[in-house]
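Structure file protein.tsv (TSV, C-alpha atoms) is printed below.
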```tsv
chain	number	residue	atom	x	y	z
A	1	MET	CA	0.00	0.00	0.00
A	2	ASP	CA	2.68	2.41	1.07
A	3	ASN	CA	4.83	1.28	-1.76
A	4	LEU	CA	2.12	2.04	-4.29
A	5	GLU	CA	1.62	5.51	-2.85
A	6	THR	CA	5.32	6.27	-2.88
A	7	ARG	CA	5.49	5.19	-6.51
A	8	LEU	CA	2.47	7.31	-7.41
A	9	VAL	CA	4.03	10.31	-5.69
A	10	LYS	CA	7.24	9.84	-7.65
A	11	LEU	CA	5.34	9.61	-10.93
A	12	ALA	CA	3.23	12.64	-10.04
A	13	LEU	CA	6.40	14.58	-9.25
A	14	LYS	CA	7.64	13.82	-12.76
A	15	GLY	CA	4.47	15.45	-14.06
A	16	ASP	CA	2.32	12.34	-14.55
A	17	GLN	CA	-1.20	13.71	-14.12
A	18	ARG	CA	-2.76	10.25	-14.14
A	19	ALA	CA	-0.66	9.19	-11.17
A	20	PHE	CA	-1.94	12.18	-9.25
A	21	ALA	CA	-5.53	11.35	-10.25
A	22	GLU	CA	-4.86	7.90	-8.79
A	23	ILE	CA	-3.81	9.48	-5.48
A	24	VAL	CA	-7.00	11.55	-5.50
A	25	ASP	CA	-9.07	8.42	-6.09
A	26	LEU	CA	-7.37	6.63	-3.22
A	27	TYR	CA	-8.00	9.34	-0.65
A	28	LYS	CA	-10.92	11.53	-1.70
A	29	ASP	CA	-13.57	9.51	0.15
A	30	ARG	CA	-11.56	9.27	3.35
A	31	ILE	CA	-10.81	12.98	3.39
A	32	TYR	CA	-14.40	13.79	2.44
A	33	HIS	CA	-15.75	11.68	5.27
A	34	LEU	CA	-13.32	13.22	7.73
A	35	ALA	CA	-14.24	16.75	6.65
A	36	TYR	CA	-17.94	15.94	6.57
A	37	ARG	CA	-17.89	14.68	10.14
A	38	MET	CA	-15.78	17.59	11.29
A	39	LEU	CA	-17.92	20.24	9.60
A	40	ASN	CA	-21.27	18.50	9.25
A	41	ASN	CA	-21.79	20.10	5.89
A	42	ARG	CA	-21.44	18.48	2.47
A	43	HIS	CA	-20.56	21.64	0.63
A	44	GLU	CA	-17.80	22.60	3.03
A	45	ALA	CA	-16.53	19.03	3.06
A	46	GLU	CA	-16.16	19.17	-0.73
A	47	ASP	CA	-14.25	22.42	-0.42
A	48	VAL	CA	-11.92	20.87	2.11
A	49	VAL	CA	-11.28	17.87	-0.15
A	50	GLN	CA	-10.41	20.14	-3.07
A	51	GLU	CA	-8.20	22.35	-0.95
A	52	THR	CA	-6.47	19.30	0.52
A	53	PHE	CA	-5.52	17.90	-2.87
A	54	LEU	CA	-4.47	21.30	-4.14
A	55	ARG	CA	-2.06	21.57	-1.21
A	56	VAL	CA	-0.86	18.02	-1.68
A	57	TYR	CA	-0.18	18.81	-5.32
A	58	ARG	CA	1.67	22.03	-4.59
A	59	ASN	CA	3.78	20.54	-1.82
A	60	LEU	CA	4.39	17.12	-3.28
A	61	ASP	CA	8.10	17.84	-3.60
A	62	ARG	CA	8.22	18.55	0.13
A	63	TYR	CA	6.61	15.26	1.11
A	64	ASP	CA	9.00	13.34	3.36
A	65	GLN	CA	8.97	9.74	2.25
A	66	ALA	CA	10.07	8.52	5.67
A	67	GLN	CA	6.55	9.43	6.74
A	68	LYS	CA	3.42	7.51	5.79
A	69	PHE	CA	1.62	9.23	2.95
A	70	SER	CA	-1.72	8.75	4.74
A	71	THR	CA	-0.38	10.56	7.80
A	72	TRP	CA	0.68	13.49	5.66
A	73	ILE	CA	-2.60	13.83	3.77
A	74	TYR	CA	-4.64	13.37	6.95
A	75	ARG	CA	-2.65	16.14	8.55
A	76	ILE	CA	-3.47	18.51	5.71
A	77	GLY	CA	-7.16	17.54	5.65
A	78	THR	CA	-7.47	17.73	9.43
A	79	ASN	CA	-5.80	21.13	9.68
A	80	LEU	CA	-8.00	22.55	6.93
A	81	SER	CA	-11.11	21.24	8.69
A	82	ILE	CA	-10.01	22.62	12.06
A	83	ASP	CA	-9.29	26.00	10.47
A	84	ARG	CA	-12.81	26.16	9.08
A	85	LEU	CA	-14.28	25.02	12.35
A	86	ARG	CA	-12.47	27.76	14.26
A	87	LYS	CA	-13.41	30.47	11.80
A	88	ARG	CA	-17.01	29.46	11.90
A	89	LYS	CA	-19.39	31.52	13.97
A	90	PRO	CA	-21.27	29.41	16.49
A	91	THR	CA	-24.44	29.32	14.40
A	92	TYR	CA	-25.31	25.66	14.70
A	93	SER	CA	-28.50	25.48	16.63
A	94	LEU	CA	-28.52	23.78	19.99
A	95	ASP	CA	-32.31	24.05	20.14
A	96	ALA	CA	-32.85	21.76	17.18
A	97	GLU	CA	-30.67	19.06	18.66
A	98	ILE	CA	-32.33	19.21	22.04
A	99	GLY	CA	-35.76	19.11	20.41
A	100	ASP	CA	-34.83	16.00	18.41
A	101	GLN	CA	-33.44	14.24	21.39
A	102	ASP	CA	-36.53	14.79	23.50
A	103	GLY	CA	-38.69	13.32	20.78
A	104	ALA	CA	-36.36	10.38	20.34
A	105	ASP	CA	-36.35	9.60	24.02
A	106	GLY	CA	-40.13	9.55	24.05
A	107	TYR	CA	-40.29	7.07	21.22
A	108	ALA	CA	-37.43	4.95	22.37
A	109	LEU	CA	-39.12	4.34	25.70
A	110	ILE	CA	-42.25	2.82	24.19
A	111	PRO	CA	-41.96	-0.97	24.27
A	112	GLY	CA	-43.27	-2.60	21.10
A	113	ASP	CA	-43.98	-6.08	19.76
A	114	ASN	CA	-42.50	-5.07	16.46
A	115	ARG	CA	-38.93	-5.11	17.64
A	116	THR	CA	-37.01	-4.86	14.43
A	117	PRO	CA	-38.08	-1.40	13.24
A	118	GLU	CA	-37.96	-0.31	16.85
A	119	THR	CA	-34.42	-1.57	17.27
A	120	GLU	CA	-33.40	-0.02	14.03
A	121	TYR	CA	-34.88	3.23	15.07
A	122	LEU	CA	-32.96	3.01	18.32
A	123	ILE	CA	-29.75	2.30	16.50
A	124	SER	CA	-30.22	5.21	14.16
A	125	GLU	CA	-31.09	7.40	17.12
A	126	THR	CA	-27.98	6.27	18.94
A	127	ARG	CA	-25.98	7.07	15.87
A	128	THR	CA	-27.52	10.53	15.70
A	129	THR	CA	-26.83	11.08	19.39
A	130	ILE	CA	-23.21	10.10	18.94
A	131	HIS	CA	-22.74	12.30	15.91
A	132	GLU	CA	-24.35	15.22	17.62
A	133	ALA	CA	-22.31	14.66	20.75
A	134	ILE	CA	-19.10	14.53	18.73
A	135	ASP	CA	-20.20	17.66	16.92
A	136	ASP	CA	-20.62	19.44	20.26
A	137	LEU	CA	-17.07	18.67	21.34
A	138	PRO	CA	-14.44	21.39	21.20
A	139	PRO	CA	-12.32	21.02	18.02
A	140	LYS	CA	-9.32	19.46	19.80
A	141	TYR	CA	-11.44	16.61	21.17
A	142	LYS	CA	-13.58	16.36	18.07
A	143	THR	CA	-10.58	15.88	15.81
A	144	VAL	CA	-9.13	13.12	17.94
A	145	MET	CA	-12.47	11.30	18.23
A	146	ILE	CA	-13.09	11.46	14.48
A	147	LEU	CA	-9.63	10.24	13.59
A	148	ARG	CA	-9.90	7.46	16.17
A	149	TYR	CA	-13.41	6.20	15.56
A	150	LEU	CA	-14.21	7.29	12.06
A	151	GLN	CA	-10.91	6.84	10.28
A	152	GLU	CA	-9.90	4.12	12.75
A	153	LEU	CA	-6.37	5.41	13.02
A	154	SER	CA	-4.18	4.07	15.80
A	155	LEU	CA	-3.26	6.36	18.69
A	156	GLN	CA	0.29	6.50	17.33
A	157	GLU	CA	-0.97	7.53	13.87
A	158	ILE	CA	-3.16	10.24	15.38
A	159	SER	CA	-0.17	11.49	17.31
A	160	ASP	CA	1.78	11.65	14.03
A	161	VAL	CA	-1.03	13.42	12.18
A	162	LEU	CA	-1.57	16.04	14.86
A	163	ASP	CA	2.08	16.20	15.85
A	164	MET	CA	1.29	15.76	19.54
A	165	PRO	CA	2.51	13.24	22.10
A	166	VAL	CA	0.60	9.95	22.32
A	167	THR	CA	-0.19	10.65	25.98
A	168	THR	CA	-2.06	13.82	24.96
A	169	ILE	CA	-4.03	11.89	22.36
A	170	LYS	CA	-4.87	9.24	24.95
A	171	THR	CA	-6.13	11.79	27.44
A	172	ARG	CA	-8.37	13.27	24.77
A	173	VAL	CA	-9.73	9.90	23.69
A	174	HIS	CA	-10.44	9.01	27.32
A	175	ARG	CA	-12.26	12.27	27.97
A	176	GLY	CA	-14.16	12.04	24.72
A	177	ARG	CA	-15.21	8.50	25.54
A	178	GLU	CA	-16.46	9.55	28.99
A	179	PHE	CA	-18.33	12.45	27.45
A	180	LEU	CA	-20.08	10.19	24.95
A	181	ARG	CA	-20.90	7.65	27.64
A	182	LYS	CA	-22.68	10.35	29.61
A	183	LYS	CA	-24.55	11.53	26.52
A	184	LEU	CA	-25.69	8.02	25.70
A	185	GLU	CA	-26.76	7.37	29.27
A	186	SER	CA	-28.83	10.52	29.33
A	187	GLN	CA	-30.43	9.45	26.04
A	188	ASN	CA	-31.35	6.00	27.29
A	189	ARG	CA	-32.66	7.19	30.59
B	1	MET	CA	-6.52	-0.39	43.57
B	2	ASP	CA	-8.87	2.54	44.04
B	3	CYS	CA	-11.74	3.35	41.68
B	4	LYS	CA	-9.94	6.29	40.10
B	5	GLN	CA	-7.04	4.06	39.13
B	6	ALA	CA	-9.54	1.49	37.88
B	7	VAL	CA	-11.15	4.04	35.50
B	8	SER	CA	-7.76	4.91	34.09
B	9	PHE	CA	-7.04	1.20	33.56
B	10	MET	CA	-10.43	0.77	31.86
B	11	HIS	CA	-9.54	3.36	29.26
B	12	GLU	CA	-6.12	1.85	28.72
B	13	TYR	CA	-7.80	-1.50	28.24
B	14	LEU	CA	-10.17	-0.06	25.65
B	15	ASP	CA	-7.20	1.52	23.87
B	16	GLY	CA	-5.70	-1.96	23.74
B	17	ASP	CA	-2.75	-0.76	25.79
B	18	LEU	CA	-3.27	-2.41	29.19
B	19	PRO	CA	-0.61	-5.00	30.02
B	20	SER	CA	-2.04	-8.37	31.07
B	21	GLU	CA	-0.78	-8.04	34.63
B	22	GLN	CA	-2.73	-4.79	35.12
B	23	ALA	CA	-5.70	-6.35	33.35
B	24	ARG	CA	-5.76	-9.05	36.04
B	25	GLU	CA	-5.60	-6.38	38.74
B	26	LEU	CA	-8.52	-4.62	37.11
B	27	GLN	CA	-10.45	-7.88	37.00
B	28	SER	CA	-9.93	-8.47	40.71
B	29	HIS	CA	-11.04	-4.90	41.39
B	30	PHE	CA	-14.27	-5.60	39.45
B	31	ASP	CA	-14.88	-8.67	41.63
B	32	ALA	CA	-14.77	-6.40	44.64
B	33	CYS	CA	-16.46	-3.30	43.17
B	34	PRO	CA	-19.79	-3.79	41.30
B	35	ASP	CA	-20.00	-0.06	40.52
B	36	CYS	CA	-16.76	-0.12	38.57
B	37	ARG	CA	-17.82	-3.33	36.84
B	38	ALA	CA	-21.05	-1.61	35.71
B	39	ALA	CA	-19.14	1.52	34.69
B	40	PHE	CA	-16.81	-0.59	32.62
B	41	ARG	CA	-19.71	-2.35	30.88
B	42	ARG	CA	-21.21	1.02	29.93
B	43	LEU	CA	-17.88	2.30	28.72
B	44	GLU	CA	-17.36	-0.81	26.64
B	45	GLU	CA	-20.83	-0.41	25.12
B	46	THR	CA	-20.11	3.22	24.38
B	47	GLU	CA	-16.88	2.25	22.67
B	48	MET	CA	-18.68	-0.27	20.48
B	49	MET	CA	-21.44	2.18	19.67
B	50	ILE	CA	-19.06	4.94	18.66
B	51	PHE	CA	-17.25	2.58	16.33
B	52	ALA	CA	-20.55	1.33	14.90
B	53	ALA	CA	-21.97	4.83	14.52
B	54	ASN	CA	-18.94	6.07	12.69
B	55	ARG	CA	-18.50	3.23	10.22
B	56	ARG	CA	-18.20	5.00	6.95
B	57	PRO	CA	-21.58	4.72	5.27
B	58	ALA	CA	-21.67	4.45	1.49
B	59	GLU	CA	-23.82	7.55	1.11
B	60	ILE	CA	-21.20	9.76	2.70
B	61	SER	CA	-18.59	9.72	0.01
B	62	ALA	CA	-17.16	12.35	-2.24
B	63	PRO	CA	-19.20	13.07	-5.38
B	64	ASP	CA	-18.33	10.91	-8.38
B	65	ASP	CA	-16.96	13.74	-10.45
B	66	MET	CA	-14.70	14.88	-7.62
B	67	THR	CA	-11.51	13.48	-9.14
B	68	ASP	CA	-12.15	15.16	-12.49
B	69	ARG	CA	-13.01	18.42	-10.82
B	70	ILE	CA	-9.87	18.38	-8.69
B	71	MET	CA	-7.71	17.52	-11.68
B	72	SER	CA	-9.16	20.44	-13.62
B	73	PHE	CA	-8.48	22.81	-10.72
B	74	LEU	CA	-4.82	21.90	-10.48
B	75	PRO	CA	-2.35	24.46	-11.72
B	76	GLN	CA	-0.44	23.42	-14.81
B	77	PRO	CA	2.66	21.49	-13.86
B	78	LYS	CA	5.68	23.72	-13.64
B	79	LYS	CA	7.65	23.06	-16.79
B	80	HIS	CA	11.30	23.20	-15.87
B	81	SER	CA	13.32	23.32	-19.04
B	82	PRO	CA	15.77	20.42	-19.10
B	83	VAL	CA	18.62	22.83	-19.82
B	84	TRP	CA	17.86	24.91	-16.75
B	85	SER	CA	17.59	21.91	-14.43
B	86	TRP	CA	20.87	20.58	-15.84
B	87	VAL	CA	22.47	23.94	-15.07
B	88	GLN	CA	21.13	23.80	-11.53
B	89	ARG	CA	22.48	20.32	-11.00
B	90	HIS	CA	25.95	20.97	-12.44
B	91	PRO	CA	27.16	24.43	-11.44
B	92	ALA	CA	30.86	23.64	-11.96
B	93	LEU	CA	30.35	22.22	-15.42
B	94	THR	CA	28.16	25.17	-16.27
B	95	ALA	CA	30.91	27.59	-15.25
B	96	ALA	CA	33.42	25.63	-17.35
B	97	ALA	CA	31.03	25.64	-20.32
B	98	ALA	CA	30.48	29.36	-19.94
B	99	PHE	CA	34.24	29.91	-19.85
B	100	ILE	CA	34.75	27.88	-23.01
B	101	LEU	CA	31.91	29.74	-24.70
B	102	ILE	CA	33.50	33.08	-23.86
B	103	MET	CA	36.86	31.83	-25.10
B	104	LEU	CA	35.30	30.70	-28.36
B	105	GLY	CA	33.42	33.95	-28.64
B	106	THR	CA	36.52	36.09	-28.30
B	107	SER	CA	38.51	33.83	-30.62
B	108	ILE	CA	35.84	34.05	-33.28
B	109	GLY	CA	35.67	37.75	-32.62
B	110	PHE	CA	39.36	38.07	-33.34
B	111	TRP	CA	38.99	35.88	-36.34
B	112	ASN	CA	36.37	38.24	-37.70
B	113	ALA	CA	38.20	41.34	-36.60
B	114	ASP	CA	41.22	41.07	-38.90
B	115	THR	CA	40.72	41.44	-42.59
B	116	GLN	CA	44.33	42.07	-43.52
B	117	LEU	CA	46.77	39.64	-44.94
B	118	VAL	CA	49.10	38.14	-42.38
B	119	VAL	CA	52.27	36.29	-43.26
B	120	LYS	CA	54.26	34.58	-40.58
B	121	GLY	CA	57.52	32.77	-40.87
B	122	SER	CA	61.16	32.78	-39.80
B	123	ASP	CA	62.51	33.37	-43.30
B	124	LEU	CA	60.25	35.92	-44.95
B	125	GLU	CA	62.93	37.69	-46.97
B	126	ARG	CA	62.66	35.20	-49.75
B	127	VAL	CA	58.91	35.49	-50.00
B	128	GLN	CA	57.28	37.90	-52.44
B	129	VAL	CA	53.99	39.57	-51.63
B	130	GLN	CA	51.81	40.89	-54.46
B	131	GLY	CA	48.50	42.29	-53.19
B	132	ASP	CA	46.87	39.48	-51.27
B	133	THR	CA	49.03	36.86	-52.88
B	134	VAL	CA	52.13	35.43	-51.23
B	135	ILE	CA	54.56	33.84	-53.60
B	136	VAL	CA	57.49	31.52	-52.96
B	137	PRO	CA	59.36	31.96	-56.25
B	138	GLU	CA	60.85	29.11	-58.18
B	139	GLY	CA	64.43	28.32	-57.17
B	140	THR	CA	64.14	29.87	-53.70
B	141	THR	CA	64.19	27.94	-50.46
B	142	VAL	CA	62.30	29.17	-47.41
B	143	SER	CA	63.62	27.62	-44.26
B	144	GLY	CA	61.23	27.21	-41.36
B	145	ASP	CA	57.42	27.21	-41.14
B	146	LEU	CA	55.27	29.52	-43.21
B	147	THR	CA	51.82	30.74	-42.24
B	148	VAL	CA	49.52	32.82	-44.40
B	149	GLN	CA	46.29	34.25	-43.14
B	150	ARG	CA	43.55	35.68	-45.38
B	151	GLY	CA	45.53	35.44	-48.56
B	152	LYS	CA	46.56	33.24	-51.47
B	153	LEU	CA	49.77	31.30	-51.29
B	154	GLU	CA	51.48	30.17	-54.43
B	155	ILE	CA	54.49	27.94	-54.00
B	156	TYR	CA	56.90	27.45	-56.89
B	157	GLY	CA	60.06	26.88	-54.83
B	158	ASP	CA	60.94	24.88	-51.69
B	159	VAL	CA	59.67	25.28	-48.12
B	160	GLU	CA	61.62	23.45	-45.44
B	161	GLY	CA	58.91	23.32	-42.82
B	162	ASN	CA	55.10	23.29	-42.40
B	163	VAL	CA	52.80	25.42	-44.50
B	164	THR	CA	49.54	26.68	-43.02
B	165	VAL	CA	46.95	28.69	-44.88
B	166	ILE	CA	44.14	30.18	-42.85
B	167	ASP	CA	41.01	31.36	-44.63
B	168	GLY	CA	42.79	31.47	-47.91
B	169	SER	CA	44.03	29.14	-50.61
B	170	ALA	CA	47.27	27.36	-51.33
B	171	TYR	CA	48.58	26.51	-54.73
B	172	GLN	CA	51.59	24.26	-55.23
B	173	ALA	CA	53.24	24.22	-58.60
B	174	SER	CA	54.85	21.05	-59.99
B	175	THR	CA	58.22	22.52	-59.09
B	176	ALA	CA	57.20	23.16	-55.48
B	177	HIS	CA	58.59	21.15	-52.63
B	178	VAL	CA	57.37	21.29	-49.05
B	179	THR	CA	59.16	19.17	-46.49
B	180	GLY	CA	56.51	19.56	-43.77
B	181	GLN	CA	52.74	19.38	-43.83
B	182	VAL	CA	50.42	21.66	-45.77
B	183	LYS	CA	47.37	22.68	-43.76
B	184	ASP	CA	44.48	24.57	-45.25
B	185	ILE	CA	42.18	26.06	-42.66
B	186	HIS	CA	39.01	27.68	-43.89
B	187	GLN	CA	36.56	27.90	-41.07
B	188	ALA	CA	36.44	29.66	-37.76
B	189	LEU	CA	36.05	26.40	-35.89
B	190	ASP	CA	39.03	24.84	-37.64
B	191	TRP	CA	40.98	27.91	-36.78
B	192	VAL	CA	39.99	27.60	-33.15
B	193	TRP	CA	41.10	23.99	-33.18
B	194	TYR	CA	44.33	25.10	-34.70
B	195	LYS	CA	44.75	27.69	-31.91
B	196	LEU	CA	43.83	25.17	-29.28
B	197	GLY	CA	46.17	22.64	-30.84
B	198	ASN	CA	49.01	25.14	-30.64
B	199	PHE	CA	48.08	25.91	-27.08
B	200	VAL	CA	47.96	22.23	-26.13
B	201	SER	CA	51.30	21.43	-27.75
B	202	GLU	CA	52.86	24.51	-26.15
B	203	VAL	CA	51.65	23.30	-22.76
B	204	ALA	CA	52.80	19.77	-23.51
B	205	TYR	CA	56.30	20.81	-24.47
B	206	ARG	CA	56.80	23.28	-21.67
```

Take the structure I supplied and represent it as structure tokens, if you would.
Amino acid sequence: MDNLETRLVKLALKGDQRAFAEIVDLYKDRIYHLAYRMLNNRHEAEDVVQETFLRVYRNLDRYDQAQKFSTWIYRIGTNLSIDRLRKRKPTYSLDAEIGDQDGADGYALIPGDNRTPETEYLISETRTTIHEAIDDLPPKYKTVMILRYLQELSLQEISDVLDMPVTTIKTRVHRGREFLRKKLESQNR
Amino acid sequence: MDCKQAVSFMHEYLDGDLPSEQARELQSHFDACPDCRAAFRRLEETEMMIFAANRRPAEISAPDDMTDRIMSFLPQPKKHSPVWSWVQRHPALTAAAAFILIMLGTSIGFWNADTQLVVKGSDLERVQVQGDTVIVPEGTTVSGDLTVQRGKLEIYGDVEGNVTVIDGSAYQASTAHVTGQVKDIHQALDWVWYKLGNFVSEVAYR
């Protein structure tokens, strides 16, 4: 995998546009998903993906091959998402989320014979709760949680991407996990 | 182990980083503390749910035309001319090449600069010059080399040495006799080689 990427980078550096298109194909969905979860907005996520690849393209000659290519591209995508998140005015409505959750709790508590749709509903509600909870986290926790649970990066990889010690990453994962546990408990109560 | 330590161990366990010895300690703490055991179960559930909730669903993927769009946005690749990159990679050779070019330039410049007839030799008294024609008359012997530049050379007698004609012409009559070589140099480049050759042999014999 790494070998392929290194080869593609070398070809792209020589001006092979198709090799670069291959790199885009390999990573666009992962970066899009990361940005989408960070920003919760398809349009902005697309912008981040484009910006990420533009930067990758411009700085390809500065890519250090001792590093994993994925780490490098995740770093660019993550930083761009965090930048947008920080610049954003706090417009996302807390009311809407609270309203949804109240409704969900009401439904979820009704016991039904028809378990399957009910269970599915519960699962989708849980998913919504988790996404909303992650969305509420401050950017530094949010980033770590998304890289850990969404991109399924190892703690070491996250530490490489964010350029922070593993112990810091661990603390953030632990706090994020506790935060989500509390959210889920309050949902199920 | 107190409960605070236990919580820290729980997280380490979920990170997959708890050594087995500590895992056993945690287990024995759970046997003694039902609250921590329950807390751990909830934490474990949370962990599973976060992973499940964040599995990348198919519908959240970049639009299909994303790759094409990105490729069209890219700036045109910087076209480094091969000459320029060669220059950047070989500064010493470039300096040497520049030096040689300047040398050639000045040599050619000199070559163009003179338009007058030049006759060189160690025994010029026996040579007749008529206009742009240099004549070695019949019956005379010129000892040593003879060089004629930008002129015609007509040899009827003997030359005991090399004859060089630069940018001119040489005519040898049937009576002529040259003991050395006759060189006829017409072009600037040949002339430069001739100069360089002289230079090299001078260096070699020094």

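If you look at atom CA of B:Leu18 and atom CA of A:His174, they are 13.6 Å away from each other.
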
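Of the residues under consideration (A:Ser124, A:Asp61, A:Arg37, A:Ile76), A:Asp61 shows the shortest atom-to-atom contact distance to A:Leu11 when counting only C-alpha atoms.
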
Write out as a tab-separated table the residues of stretch 24-103 of chain A that have any atom within 9 Å of an atom of stretch 145-149 of chain A, one row each with the nearest atom pair and its distance in Å to one decimal, counting only C-alpha atoms, sorted by chain and then rising number.
```
residue	atom	partner	partner_atom	distance
A:Leu34	CA	A:Ile146	CA	7.0
A:Arg37	CA	A:Ile146	CA	7.2
A:Met38	CA	A:Ile146	CA	7.4
A:Tyr74	CA	A:Leu147	CA	8.9
A:Thr78	CA	A:Leu147	CA	8.8
```

Per residue of chain B within 8 Å of chain A, note the shortest atom pair and the distance in Å to one decimal, counting all atoms listed in the file, and order the rows by chain and increasing residue number, as a Markdown table.
```
| residue | atom | partner | partner_atom | distance |
| --- | --- | --- | --- | --- |
| B:His11 | CA | A:His174 | CA | 6.0 |
| B:Arg42 | CA | A:Arg181 | CA | 7.0 |
| B:Leu43 | CA | A:Arg181 | CA | 6.2 |
| B:Thr46 | CA | A:Arg181 | CA | 5.6 |
| B:Glu47 | CA | A:Arg177 | CA | 7.1 |
| B:Met49 | CA | A:Arg127 | CA | 7.7 |
| B:Ile50 | CA | A:Tyr149 | CA | 6.6 |
| B:Phe51 | CA | A:Tyr149 | CA | 5.3 |
| B:Ala52 | CA | A:Arg127 | CA | 8.0 |
| B:Ala53 | CA | A:Arg127 | CA | 4.8 |
| B:Asn54 | CA | A:Leu150 | CA | 4.9 |
| B:Arg55 | CA | A:Leu150 | CA | 6.2 |
| B:Arg56 | CA | A:Leu150 | CA | 6.9 |
| B:Ile60 | CA | A:His33 | CA | 6.3 |
| B:Ser61 | CA | A:Asp29 | CA | 5.0 |
| B:Ala62 | CA | A:Asp29 | CA | 5.2 |
| B:Met66 | CA | A:Lys28 | CA | 7.8 |
| B:Thr67 | CA | A:Val24 | CA | 6.1 |
| B:Asp68 | CA | A:Ala21 | CA | 8.0 |
| B:Ile70 | CA | A:Gln50 | CA | 5.9 |
| B:Met71 | CA | A:Ala21 | CA | 6.7 |
| B:Phe73 | CA | A:Leu54 | CA | 7.9 |
| B:Leu74 | CA | A:Leu54 | CA | 6.4 |
| B:Pro77 | CA | A:Gly15 | CA | 6.3 |
```

TODO: Mind giving me the straight-line distance from atom CA of A:Thr167 to atom CA of A:Tyr141 in Å, one decimal?
DONE: 13.6 Å

Task: Atomic distance atom CA of B:Arg126 - atom CA of B:Val182, expressed in Å with one decimal - done: 18.7 Å

Task: Answer as a PyMOL selection string, residues within 6 Å of (6.9, 10.5, -1.0) using only C-alpha atoms - done: chain A and resi 6+9+63-65

Open item on the list: I'd like the contact shell of A:Leu162 - 12 Å cut-off, only C-alpha atoms, skipping same-chain residues fewer than 6 positions apart - returned as a ChimeraX atom specification.
Closed with: /A:71-79,82,140-141,143-144,147,153,155-156,168-169

TODO: Would you mind telling me which residue in A:Leu8, A:Leu80, A:Ala133, A:Leu122 lies nearest to A:Glu44 when using all atoms listed in the file?
DONE: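 Checking each candidate against A:Glu44, we get A:Leu80 as the closest.
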